[in-house]
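Peer 1: Here's a structure for you.
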Amino acid sequence: KPIYVLNGPNLNLLGVREPHIYGTTTLEDVRGLCEARAAVFGRQVVFRQSNHEGQLIDWVQEAREGACALVINPAGYGHTSIALLDALKALSIPIVECHLSNPAAREEFRRHTFVSLAATGLVSGFGARSYELAIEAAAQAAKASA
Ligand code: DQA
């Protein structure tokens with residue numbers, strides 16, 4: 001089964017959006033990094049982005065059957081969405097929360113993410129490299145729980 005990599009709102013603008021915080025790597029670049037990293041572990045990646053909470057929830061539900069592990073950058077919804085948390089809680093596969101920046105070192109309102117309550121673990125603060133580390137963690141956790 002593939003590793004699902006889900007990206008929340010505004011991440012389609014990666015590379016042009018606040019590059020001093022999020023870097024100049026685009027989301028397509030990130031997709032390539034994830035695919036390459038997953039291939040090392042013999043895994044494929046299903047890589048998606050949506051600005052819509054319900055769409056992300058539908059994909060999380062799809063991952064229940066379709067994925068060996070889930071990497072999710074919930075972006076702003078991580079800080080607000082109990083519905084997304086509830087969807088994640090219904091998963092029995094490893095969940096790696098992933099952020100480009102380190103939200104804990106930014107504004108107060110970013111210090112809490114609901115997603116963390118359901119996540120197996122968290123990688124943040126390493127820019128696009130956070131995703132590679134998250135893929136690595138997800139692949140290994142999937143193997144351990146297989
Ligand atoms: C983010 C951090 C969030 O606080 C923010 O809302 C984002 C991106 C990150 O990857 O650093 O949109 O998830």
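By convention here, the chains of the structure tokens are called A, B, ... in the order presented, each chain's residues are numbered starting at 1, and ligands are numbered starting at 1 in the order presented.
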Need the shell around His79 of chain A: protein/DNA/RNA residues with any atom at most 12 Å away, counting only C-alpha atoms. Skip same-chain ones fewer than 6 positions apart. Format as a ChimeraX atom specification?
Peer 2: /A:8-9,73,85,103-104,107-117
Peer 1: Leaving out segment 16-22 of chain A and any residue of its chain fewer than 6 positions from it, which residues lie within 12 Å of it when counting only C-alpha atoms, given as a PDB file with N, CA and C atoms, in the first residue's frame?
Peer 2:
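Ended up saving to part.pdb:
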ATOM      1  N   PRO A   9      -4.635  23.745   3.461  1.00  0.00           N
ATOM      2  CA  PRO A   9      -4.852  25.007   2.759  1.00  0.00           C
ATOM      3  C   PRO A   9      -3.596  25.855   2.581  1.00  0.00           C
ATOM      4  N   ASN A  10      -3.550  26.494   1.418  1.00  0.00           N
ATOM      5  CA  ASN A  10      -2.513  27.454   1.025  1.00  0.00           C
ATOM      6  C   ASN A  10      -1.173  26.811   0.660  1.00  0.00           C
ATOM      7  N   VAL A  30       8.161  19.291  -3.635  1.00  0.00           N
ATOM      8  CA  VAL A  30       7.974  18.474  -2.430  1.00  0.00           C
ATOM      9  C   VAL A  30       7.442  17.095  -2.814  1.00  0.00           C
ATOM     10  N   ALA A  75      -1.613  22.322   7.743  1.00  0.00           N
ATOM     11  CA  ALA A  75      -1.529  23.785   7.619  1.00  0.00           C
ATOM     12  C   ALA A  75      -2.482  24.425   8.653  1.00  0.00           C
ATOM     13  N   HIS A  99       5.292  19.751   9.358  1.00  0.00           N
ATOM     14  CA  HIS A  99       5.240  21.198   9.088  1.00  0.00           C
ATOM     15  C   HIS A  99       6.574  21.663   8.541  1.00  0.00           C
ATOM     16  N   LEU A 100       6.502  22.579   7.590  1.00  0.00           N
ATOM     17  CA  LEU A 100       7.729  23.186   7.042  1.00  0.00           C
ATOM     18  C   LEU A 100       8.416  24.034   8.101  1.00  0.00           C
ATOM     19  N   SER A 101       7.634  24.918   8.715  1.00  0.00           N
ATOM     20  CA  SER A 101       8.158  25.781   9.775  1.00  0.00           C
ATOM     21  C   SER A 101       8.029  25.050  11.114  1.00  0.00           C
ATOM     22  N   ASN A 102       8.530  25.677  12.152  1.00  0.00           N
ATOM     23  CA  ASN A 102       8.336  25.130  13.499  1.00  0.00           C
ATOM     24  C   ASN A 102       7.251  25.962  14.190  1.00  0.00           C
ATOM     25  N   PRO A 103       6.003  25.497  14.130  1.00  0.00           N
ATOM     26  CA  PRO A 103       4.896  26.316  14.653  1.00  0.00           C
ATOM     27  C   PRO A 103       5.059  26.659  16.131  1.00  0.00           C
ATOM     28  N   ALA A 105       7.582  27.696  17.558  1.00  0.00           N
ATOM     29  CA  ALA A 105       8.464  28.855  17.732  1.00  0.00           C
ATOM     30  C   ALA A 105       7.877  30.121  17.113  1.00  0.00           C
ATOM     31  N   ARG A 106       6.584  30.065  16.744  1.00  0.00           N
ATOM     32  CA  ARG A 106       5.963  31.209  16.058  1.00  0.00           C
ATOM     33  C   ARG A 106       4.876  31.823  16.949  1.00  0.00           C
ATOM     34  N   SER A 124       8.820  18.933  12.299  1.00  0.00           N
ATOM     35  CA  SER A 124       8.571  20.319  11.920  1.00  0.00           C
ATOM     36  C   SER A 124       9.852  21.121  11.948  1.00  0.00           C
ATOM     37  N   GLY A 125       9.881  22.163  11.124  1.00  0.00           N
ATOM     38  CA  GLY A 125      10.961  23.132  11.220  1.00  0.00           C
ATOM     39  C   GLY A 125      12.096  22.956  10.230  1.00  0.00           C
ATOM     40  N   PHE A 126      12.030  21.945   9.370  1.00  0.00           N
ATOM     41  CA  PHE A 126      13.143  21.684   8.464  1.00  0.00           C
ATOM     42  C   PHE A 126      12.810  21.996   7.009  1.00  0.00           C
ATOM     43  N   GLY A 127      11.811  22.821   6.792  1.00  0.00           N
ATOM     44  CA  GLY A 127      11.432  23.161   5.421  1.00  0.00           C
ATOM     45  C   GLY A 127      10.989  21.910   4.676  1.00  0.00           C
ATOM     46  N   ALA A 128      11.315  21.865   3.379  1.00  0.00           N
ATOM     47  CA  ALA A 128      10.910  20.710   2.568  1.00  0.00           C
ATOM     48  C   ALA A 128      11.484  19.412   3.122  1.00  0.00           C
ATOM     49  N   ARG A 129      12.608  19.521   3.786  1.00  0.00           N
ATOM     50  CA  ARG A 129      13.251  18.334   4.381  1.00  0.00           C
ATOM     51  C   ARG A 129      12.363  17.685   5.451  1.00  0.00           C
ATOM     52  N   SER A 130      11.476  18.471   6.064  1.00  0.00           N
ATOM     53  CA  SER A 130      10.527  17.884   7.030  1.00  0.00           C
ATOM     54  C   SER A 130       9.746  16.742   6.381  1.00  0.00           C
TER      55      SER A 130
END
Peer 1: From a DSSP calculation on the backbone, collect every residue of chain A in strand (DSSP E or B) and output the set as a CSV table (one decimal) with C-alpha atoms, in the first residue's frame.
Peer 2:
chain,number,residue,atom,x,y,z
A,3,ILE,CA,2.0,6.3,1.9
A,4,TYR,CA,-0.6,9.1,1.7
A,5,VAL,CA,0.8,12.6,1.9
A,6,LEU,CA,-2.0,15.1,2.4
A,7,ASN,CA,-1.5,18.9,2.3
A,45,VAL,CA,3.2,8.0,-2.6
A,46,VAL,CA,-0.3,9.4,-3.1
A,47,PHE,CA,0.3,13.1,-2.8
A,48,ARG,CA,-2.6,15.6,-2.6
A,49,GLN,CA,-3.4,19.1,-1.6
A,69,ALA,CA,0.7,5.3,6.6
A,70,LEU,CA,-0.3,8.9,6.5
A,71,VAL,CA,1.9,12.0,6.4
A,72,ILE,CA,-0.2,15.2,6.9
A,73,ASN,CA,0.6,18.8,6.8
A,95,ILE,CA,0.2,9.2,11.2
A,96,VAL,CA,3.1,11.6,10.9
A,97,GLU,CA,2.3,15.3,11.3
A,98,CYS,CA,4.5,17.5,9.2
A,99,HIS,CA,5.2,21.2,9.1
A,121,GLY,CA,4.8,11.7,15.8
A,122,LEU,CA,5.7,15.1,14.4
A,123,VAL,CA,8.4,16.5,12.2
A,124,SER,CA,8.6,20.3,11.9
Peer 1: Between A:Thr80, A:Ser50, A:Thr25, A:Gln44, which one has atoms that come closest to Asn12 of chain A, using only C-alpha atoms?
Peer 2: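 The closest residue to Asn12 of chain A is A:Ser50.
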Peer 1: For atom CA of Ala138 of chain A and atom CA of Pro94 of chain A, quote the distance in Å rounded to one decimal.
Peer 2: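 One can read the atom CA of Ala138 of chain A to atom CA of Pro94 of chain A distance as 6.5 Å.
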Peer 1: Just the residues within 8 Å of Arg37 of chain A, please, counting only C-alpha atoms, with nothing from its chain fewer than 2 positions along; format it as a list in words.
Peer 2: Leu33, Cys34, Glu35, Ala39, Val40, Phe41, Glu132, Ile135 and Glu136 of chain A
Peer 1: Could you please determine the separation between atom CA of Glu65 of chain A and atom CA of Thr26 of chain A in Å, to one decimal place?
Peer 2: 29.0 Å
Peer 1: Where in chain A does DSSP assign helix (DSSP H, G or I), given as a tab-separated table (two decimals) with C-alpha atoms, in the first residue's frame?
Peer 2:
chain	number	residue	atom	x	y	z
A	11	LEU	CA	0.19	24.88	0.48
A	12	ASN	CA	-0.59	25.10	-3.26
A	13	LEU	CA	1.14	28.49	-2.99
A	19	PRO	CA	9.21	32.37	1.26
A	20	HIS	CA	11.16	33.75	4.25
A	21	ILE	CA	9.15	31.30	6.38
A	22	TYR	CA	8.26	28.46	4.04
A	27	LEU	CA	4.67	21.77	-3.71
A	28	GLU	CA	5.53	19.93	-6.93
A	29	ASP	CA	9.15	19.87	-5.77
A	30	VAL	CA	7.97	18.47	-2.43
A	31	ARG	CA	6.00	15.80	-4.25
A	32	GLY	CA	9.20	14.76	-6.07
A	33	LEU	CA	11.17	14.64	-2.81
A	34	CYS	CA	8.48	12.49	-1.18
A	35	GLU	CA	8.32	10.09	-4.12
A	36	ALA	CA	12.10	9.68	-4.16
A	37	ARG	CA	12.31	9.16	-0.41
A	38	ALA	CA	9.44	6.66	-0.39
A	39	ALA	CA	11.02	4.70	-3.26
A	40	VAL	CA	14.03	4.01	-1.03
A	53	GLU	CA	-11.54	20.89	5.10
A	54	GLY	CA	-14.15	18.35	3.94
A	55	GLN	CA	-11.99	17.23	1.04
A	56	LEU	CA	-9.09	16.56	3.41
A	57	ILE	CA	-11.42	14.59	5.69
A	58	ASP	CA	-12.63	12.49	2.74
A	59	TRP	CA	-9.03	11.67	1.87
A	60	VAL	CA	-8.19	10.78	5.48
A	61	GLN	CA	-11.16	8.39	5.44
A	62	GLU	CA	-9.94	6.94	2.14
A	63	ALA	CA	-6.53	6.32	3.76
A	64	ARG	CA	-8.16	3.97	6.30
A	65	GLU	CA	-8.22	1.27	3.63
A	66	GLY	CA	-5.89	2.68	1.01
A	75	ALA	CA	-1.53	23.79	7.62
A	76	GLY	CA	-4.01	26.19	9.23
A	77	TYR	CA	-6.60	23.46	9.81
A	78	GLY	CA	-4.27	21.78	12.27
A	79	HIS	CA	-4.91	24.64	14.65
A	82	ILE	CA	-11.75	19.07	15.42
A	83	ALA	CA	-13.44	17.38	12.45
A	84	LEU	CA	-10.04	16.61	10.94
A	85	LEU	CA	-8.84	15.31	14.30
A	86	ASP	CA	-11.88	13.04	14.54
A	87	ALA	CA	-11.20	11.65	11.05
A	88	LEU	CA	-7.57	10.98	11.99
A	89	LYS	CA	-8.64	9.23	15.18
A	103	PRO	CA	4.90	26.32	14.65
A	104	ALA	CA	5.94	26.05	18.31
A	105	ALA	CA	8.46	28.86	17.73
A	108	GLU	CA	0.98	31.75	20.21
A	109	PHE	CA	-2.04	30.54	18.19
A	110	ARG	CA	0.17	28.11	16.25
A	114	PHE	CA	-5.43	19.28	17.20
A	115	VAL	CA	-3.75	16.92	14.73
A	116	SER	CA	-1.00	16.22	17.28
A	117	LEU	CA	-3.58	14.49	19.48
A	129	ARG	CA	13.25	18.33	4.38
A	130	SER	CA	10.53	17.88	7.03
A	131	TYR	CA	8.60	15.91	4.42
A	132	GLU	CA	11.53	13.62	3.64
A	133	LEU	CA	12.01	12.93	7.34
A	134	ALA	CA	8.27	12.36	7.72
A	135	ILE	CA	8.25	9.87	4.83
A	136	GLU	CA	11.14	8.02	6.41
A	137	ALA	CA	9.35	7.87	9.77
A	138	ALA	CA	6.08	6.83	8.10
A	139	ALA	CA	7.72	4.05	6.07
A	140	GLN	CA	9.49	2.66	9.11
A	141	ALA	CA	6.43	2.91	11.33
A	142	ALA	CA	4.34	1.17	8.64
A	143	LYS	CA	6.84	-1.66	8.51
A	144	ALA	CA	6.90	-1.96	12.30
Peer 1: For atom 1 (C, counted along the ligand's line) of ligand 1 and atom CA of Ser145 of chain A, quote the distance in Å rounded to one decimal.
Peer 2: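 Value for the atom 1 (C, counted along the ligand's line) of ligand 1-atom CA of Ser145 of chain A distance: 27.5 Å.
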Peer 1: Using only C-alpha atoms, can you tell me which of A:Lys1, A:Pro74, A:His52, A:Ala67 comes closest to Leu91 of chain A?
Peer 2: A:Ala67
Peer 1: Counting only C-alpha atoms and all ligand atoms, which of A:Arg43, A:Ser81, A:Cys68, A:Ser92 gets nearest to ligand 1?
Peer 2: A:Ser81
